[in-house]
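Undergrad: Below you'll find input39.cif; it's mmCIF, C-alpha atoms.
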data_protein
#
loop_
_atom_site.label_atom_id
_atom_site.label_comp_id
_atom_site.auth_asym_id
_atom_site.auth_seq_id
_atom_site.Cartn_x
_atom_site.Cartn_y
_atom_site.Cartn_z
CA MET A 1 206.39 -45.69 35.12
CA PHE A 2 209.94 -46.05 36.45
CA ILE A 3 210.50 -43.61 39.34
CA ALA A 4 214.04 -42.68 40.38
CA LYS A 5 214.79 -43.94 43.89
CA SER A 6 218.24 -42.31 44.22
CA PRO A 7 220.34 -39.70 42.39
CA ALA A 8 222.12 -42.55 40.61
CA ASP A 9 218.80 -43.49 38.95
CA LEU A 10 218.43 -40.09 37.29
CA LEU A 11 219.64 -39.55 33.76
CA PRO A 12 222.81 -37.37 33.68
CA MET A 13 222.49 -33.96 32.00
CA GLU A 14 224.83 -35.09 29.21
CA LYS A 15 222.32 -37.78 28.24
CA ILE A 16 219.24 -35.60 28.75
CA THR A 17 220.58 -33.01 26.33
CA GLN A 18 221.17 -35.66 23.66
CA LEU A 19 217.38 -35.85 23.40
CA SER A 20 214.85 -33.22 22.44
CA GLY A 21 212.66 -32.17 25.34
CA LEU A 22 209.73 -33.98 23.76
CA GLU A 23 211.75 -37.21 23.43
CA PHE A 24 212.81 -36.88 27.07
CA MET A 25 209.24 -36.37 28.33
CA GLN A 26 207.90 -39.22 26.17
CA GLY A 27 210.64 -41.48 27.55
CA ILE A 28 209.47 -40.75 31.10
CA LEU A 29 205.82 -41.36 30.20
CA GLU A 30 206.66 -44.66 28.47
CA GLY A 31 208.84 -45.84 31.38
CA ARG A 32 212.06 -45.94 29.34
CA LEU A 33 213.52 -43.06 31.37
CA PRO A 34 213.24 -42.47 35.12
CA GLY A 35 210.47 -40.21 36.36
CA PRO A 36 210.97 -37.64 39.11
CA PRO A 37 210.59 -38.88 42.68
CA ILE A 38 208.57 -35.82 43.75
CA GLY A 39 205.51 -37.11 41.91
CA ALA A 40 205.57 -40.40 43.78
CA GLN A 41 206.11 -38.55 47.06
CA LEU A 42 203.18 -36.17 46.50
CA GLY A 43 200.75 -38.53 44.77
CA TYR A 44 200.81 -37.53 41.12
CA ARG A 45 202.27 -38.92 37.89
CA LEU A 46 202.80 -38.00 34.27
CA HIS A 47 199.69 -39.02 32.36
CA GLU A 48 199.95 -37.52 28.84
CA VAL A 49 202.63 -35.85 26.70
CA ARG A 50 202.61 -34.19 23.30
CA GLU A 51 204.45 -31.19 21.93
CA GLY A 52 203.46 -28.11 23.90
CA HIS A 53 201.15 -30.01 26.26
CA VAL A 54 201.43 -32.31 29.28
CA VAL A 55 198.99 -33.72 31.80
CA PHE A 56 199.81 -34.91 35.29
CA ARG A 57 197.16 -36.89 37.17
CA GLY A 58 197.02 -36.98 40.94
CA THR A 59 194.91 -37.62 43.98
CA PRO A 60 195.67 -35.62 47.12
CA GLU A 61 195.65 -37.67 50.31
CA PHE A 62 195.95 -36.70 53.97
CA VAL A 63 199.78 -36.47 53.84
CA VAL A 64 199.52 -33.30 51.69
CA THR A 65 197.20 -31.40 54.03
CA ASN A 66 197.85 -28.30 56.10
CA PRO A 67 197.04 -28.04 59.84
CA MET A 68 193.38 -27.36 58.98
CA GLY A 69 193.12 -30.68 57.11
CA THR A 70 192.74 -29.17 53.65
CA VAL A 71 195.08 -29.67 50.69
CA HIS A 72 198.15 -27.49 51.21
CA GLY A 73 198.68 -24.70 48.67
CA GLY A 74 202.15 -26.08 48.04
CA TRP A 75 200.58 -29.20 46.53
CA TYR A 76 198.68 -27.08 44.01
CA GLY A 77 201.85 -25.11 43.28
CA THR A 78 204.09 -28.15 42.88
CA LEU A 79 201.60 -29.88 40.59
CA LEU A 80 201.11 -26.76 38.44
CA ASP A 81 204.87 -26.06 38.31
CA SER A 82 205.46 -29.64 37.14
CA ALA A 83 202.85 -29.48 34.39
CA MET A 84 203.66 -26.00 33.10
CA ALA A 85 207.44 -26.44 33.15
CA CYS A 86 207.27 -29.89 31.57
CA ALA A 87 205.09 -28.42 28.81
CA VAL A 88 207.95 -26.00 28.15
CA MET A 89 210.37 -28.94 28.13
CA THR A 90 208.43 -30.54 25.26
CA ALA A 91 209.51 -27.64 23.03
CA VAL A 92 213.17 -27.47 24.12
CA PRO A 93 215.65 -28.60 21.42
CA LYS A 94 218.51 -31.09 21.80
CA GLY A 95 221.44 -29.60 23.68
CA SER A 96 219.19 -27.48 25.91
CA ALA A 97 217.42 -27.69 29.23
CA TYR A 98 215.08 -25.46 31.22
CA THR A 99 214.33 -24.37 34.74
CA THR A 100 211.50 -22.40 36.29
CA LEU A 101 212.22 -18.70 36.82
CA GLU A 102 208.88 -17.87 38.41
CA TYR A 103 205.34 -19.11 38.63
CA LYS A 104 202.02 -17.89 39.93
CA ILE A 105 198.97 -19.86 40.97
CA ASN A 106 195.35 -19.00 41.71
CA ILE A 107 193.50 -21.45 43.93
CA LEU A 108 189.81 -21.24 43.09
CA ARG A 109 188.45 -23.88 45.46
CA SER A 110 189.64 -26.59 47.79
CA ILE A 111 190.22 -30.04 46.28
CA PRO A 112 188.48 -32.64 48.46
CA LEU A 113 190.80 -35.40 49.65
CA GLY A 114 190.63 -38.49 47.45
CA ILE A 115 189.39 -36.61 44.35
CA THR A 116 191.48 -37.37 41.26
CA VAL A 117 192.53 -34.31 39.28
CA ASP A 118 194.26 -33.65 35.99
CA CYS A 119 196.76 -30.83 35.87
CA THR A 120 197.40 -29.62 32.34
CA GLY A 121 200.28 -27.49 31.19
CA ASP A 122 200.25 -25.76 27.79
CA ILE A 123 202.91 -23.56 26.25
CA ASP A 124 202.23 -20.03 25.13
CA HIS A 125 205.73 -19.39 23.76
CA VAL A 126 209.10 -21.12 23.78
CA GLY A 127 212.05 -19.31 22.27
CA ARG A 128 215.84 -19.49 22.51
CA SER A 129 215.99 -18.15 26.07
CA THR A 130 212.51 -18.21 27.63
CA GLY A 131 209.42 -20.35 27.78
CA ILE A 132 206.00 -19.23 28.94
CA ALA A 133 203.16 -21.59 29.80
CA HIS A 134 199.86 -21.75 31.64
CA GLY A 135 198.11 -24.53 33.48
CA GLN A 136 194.99 -25.63 35.27
CA ILE A 137 193.90 -28.24 37.77
CA ARG A 138 190.53 -29.77 36.98
CA GLY A 139 188.61 -32.67 38.55
CA VAL A 140 188.58 -35.82 36.40
CA GLU A 141 185.07 -36.85 37.38
CA ASP A 142 183.43 -33.57 38.39
CA GLY A 143 185.08 -31.34 35.73
CA LYS A 144 185.45 -28.52 38.28
CA LEU A 145 188.29 -26.03 37.88
CA TYR A 146 190.27 -26.00 41.13
CA ALA A 147 193.28 -23.83 40.27
CA THR A 148 195.10 -22.05 37.46
CA GLY A 149 198.68 -20.95 37.01
CA SER A 150 201.26 -19.35 34.77
CA THR A 151 205.03 -19.67 34.52
CA THR A 152 208.13 -18.26 32.93
CA CYS A 153 211.05 -20.65 32.42
CA ILE A 154 214.59 -20.01 31.27
CA VAL A 155 215.77 -22.13 28.34
CA MET A 156 219.51 -22.80 28.50
CA ASN A 157 221.84 -24.09 25.82
CA VAL A 158 223.71 -26.41 28.20
CA PHE A 159 226.80 -27.16 26.12
CA GLY A 160 227.17 -23.85 24.28
CA LYS A 161 226.43 -25.27 20.85
CA LYS A 162 223.36 -26.08 18.81
CA ALA A 163 222.61 -29.77 18.53
#
Show this structure as structure tokens.
TA:
Amino acid sequence: MFIAKSPADLLPMEKITQLSGLEFMQGILEGRLPGPPIGAQLGYRLHEVREGHVVFRGTPEFVVTNPMGTVHGGWYGTLLDSAMACAVMTAVPKGSAYTTLEYKINILRSIPLGITVDCTGDIDHVGRSTGIAHGQIRGVEDGKLYATGSTTCIVMNVFGKKA
């Protein structure tokens, strides 16, 4: 996967909106388009994409811990926000983009350091102006559910016309 190292590496909005959201997400997964640097920074990457569904895979390490040495809640939130919002992106048409309006997470148990998890995002609804999705973080090897979340995203017609 090609990860953007500087703002110049990112695809400009004019090019992003020439693709459907699904095409954009598949391009990142396949390495044809640059992936977001936050995943590399926090230890997760895009693992699977299909319409209405994405999976990010990650392994929390010491750098994402709080002062008590456990995985910081912000790591759970960032991972869930990525998966749920990118699931919404898979249903966004050409000429449009999205951004998160709000999200909520429920941490059910602490993820042990070094445990690989999958974070899934699945859409519930994507319309002309909003997208709603839910997600979960589950251990790859142990199958345990570590956290759940939900989001509402705004869908924006970026150039004021249907593509």
Undergrad: May I have the residues within 8 Å of Thr120 (chain A) as an NGL selection string, using all atoms listed in the file and disregarding those fewer than 6 positions away in the same chain?
TA: :A and (53-56 or 80 or 83-84 or 135-137)
Undergrad: Looking at A:Met1, A:Gly58, A:Pro67, A:Pro93, which one is nearest to Gly35 (chain A), with distances taken over only C-alpha atoms?
TA: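 Of A:Met1, A:Gly58, A:Pro67, A:Pro93, the one nearest Gly35 (chain A), counting only C-alpha atoms, is A:Met1.
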Undergrad: Quick one: distance from CA of Val117 (chain A) to CA of Gly139 (chain A) in Å, one decimal?
TA: 4.3 Å
Undergrad: Find the residue from A:Thr65, A:Gln26, A:Thr78, A:Thr99 that sits nearest to Pro112 (chain A); use only C-alpha atoms when measuring.
TA: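 With only C-alpha atoms as the atom set, the closest residue is A:Thr65.
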Undergrad: Might you spell out which residues the PyMOL selection byres ((chain A and resi 13-24) around 7) would select in the displayed file, as a list in words?
TA: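 Applied to this file, the PyMOL selection byres ((chain A and resi 13-24) around 7) selects Leu11, Pro12, Met25, Gln26, Gly27, Ile28, Glu51, Met89, Thr90, Ala91, Val92, Pro93, Lys94, Gly95, Ser96 and Ala97 of chain A.
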Undergrad: So that I can see what lies close to Asp124 (chain A), please list as a PyMOL selection string the residues with an atom at most 9 Å from it, counting only C-alpha atoms and leaving out residues fewer than 3 positions away in the same chain.
TA: chain A and resi 52+88+131-134
Undergrad: I need the residue nearest Asp81 (chain A) from this list: A:Gly143, A:Pro7, A:Gly149, A:Gly69. Use all atoms listed in the file for the distance.
TA: A:Gly149
Undergrad: For region 109-111 of chain A, find every residue with an atom within 10 Å (counting only C-alpha atoms), except residues of its own chain fewer than 2 positions away, and show them as a list in words.
TA: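 Final neighbour list, sorted by chain and number: Thr59, Pro60, Thr70, Val71, His72, Gly73, Tyr76, Asn106, Ile107, Leu113, Gly114, Ile115, Thr116, Val117, Ile137, Arg138, Gly139, Lys144, Leu145, Tyr146 and Ala147 of chain A.
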Undergrad: Restricting the calculation to only C-alpha atoms: of A:Leu42, A:Ala4, A:Ala87, A:Leu108, which residue gets closest to Glu61 (chain A)?
TA: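 Checking each of A:Leu42, A:Ala4, A:Ala87, A:Leu108 against Glu61 (chain A), counting only C-alpha atoms, the winner is A:Leu42.
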Undergrad: Please, what distance in Å, to one decimal, runs between CA of Val126 (chain A) and CA of Pro34 (chain A)?
TA: 24.5 Å
Undergrad: Just checking: using all atoms listed in the file, which residue out of A:Ser150, A:Leu46, A:Phe2, A:Ala8 ends up closest to Arg32 (chain A)?
TA: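 Nearest candidate to Arg32 (chain A) out of A:Ser150, A:Leu46, A:Phe2, A:Ala8: A:Phe2.
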Undergrad: Using all atoms listed in the file, which of the listed residues (A:Asp142, A:Tyr98, A:Gly31, A:Ile123) sits closest to Asn157 (chain A)?
TA: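 The shortest atom-to-atom distance to Asn157 (chain A) comes from A:Tyr98.
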Undergrad: Can you work out the spacing between CA of Glu30 (chain A) and CA of Thr151 (chain A) in Å, to one decimal?
TA: 25.8 Å
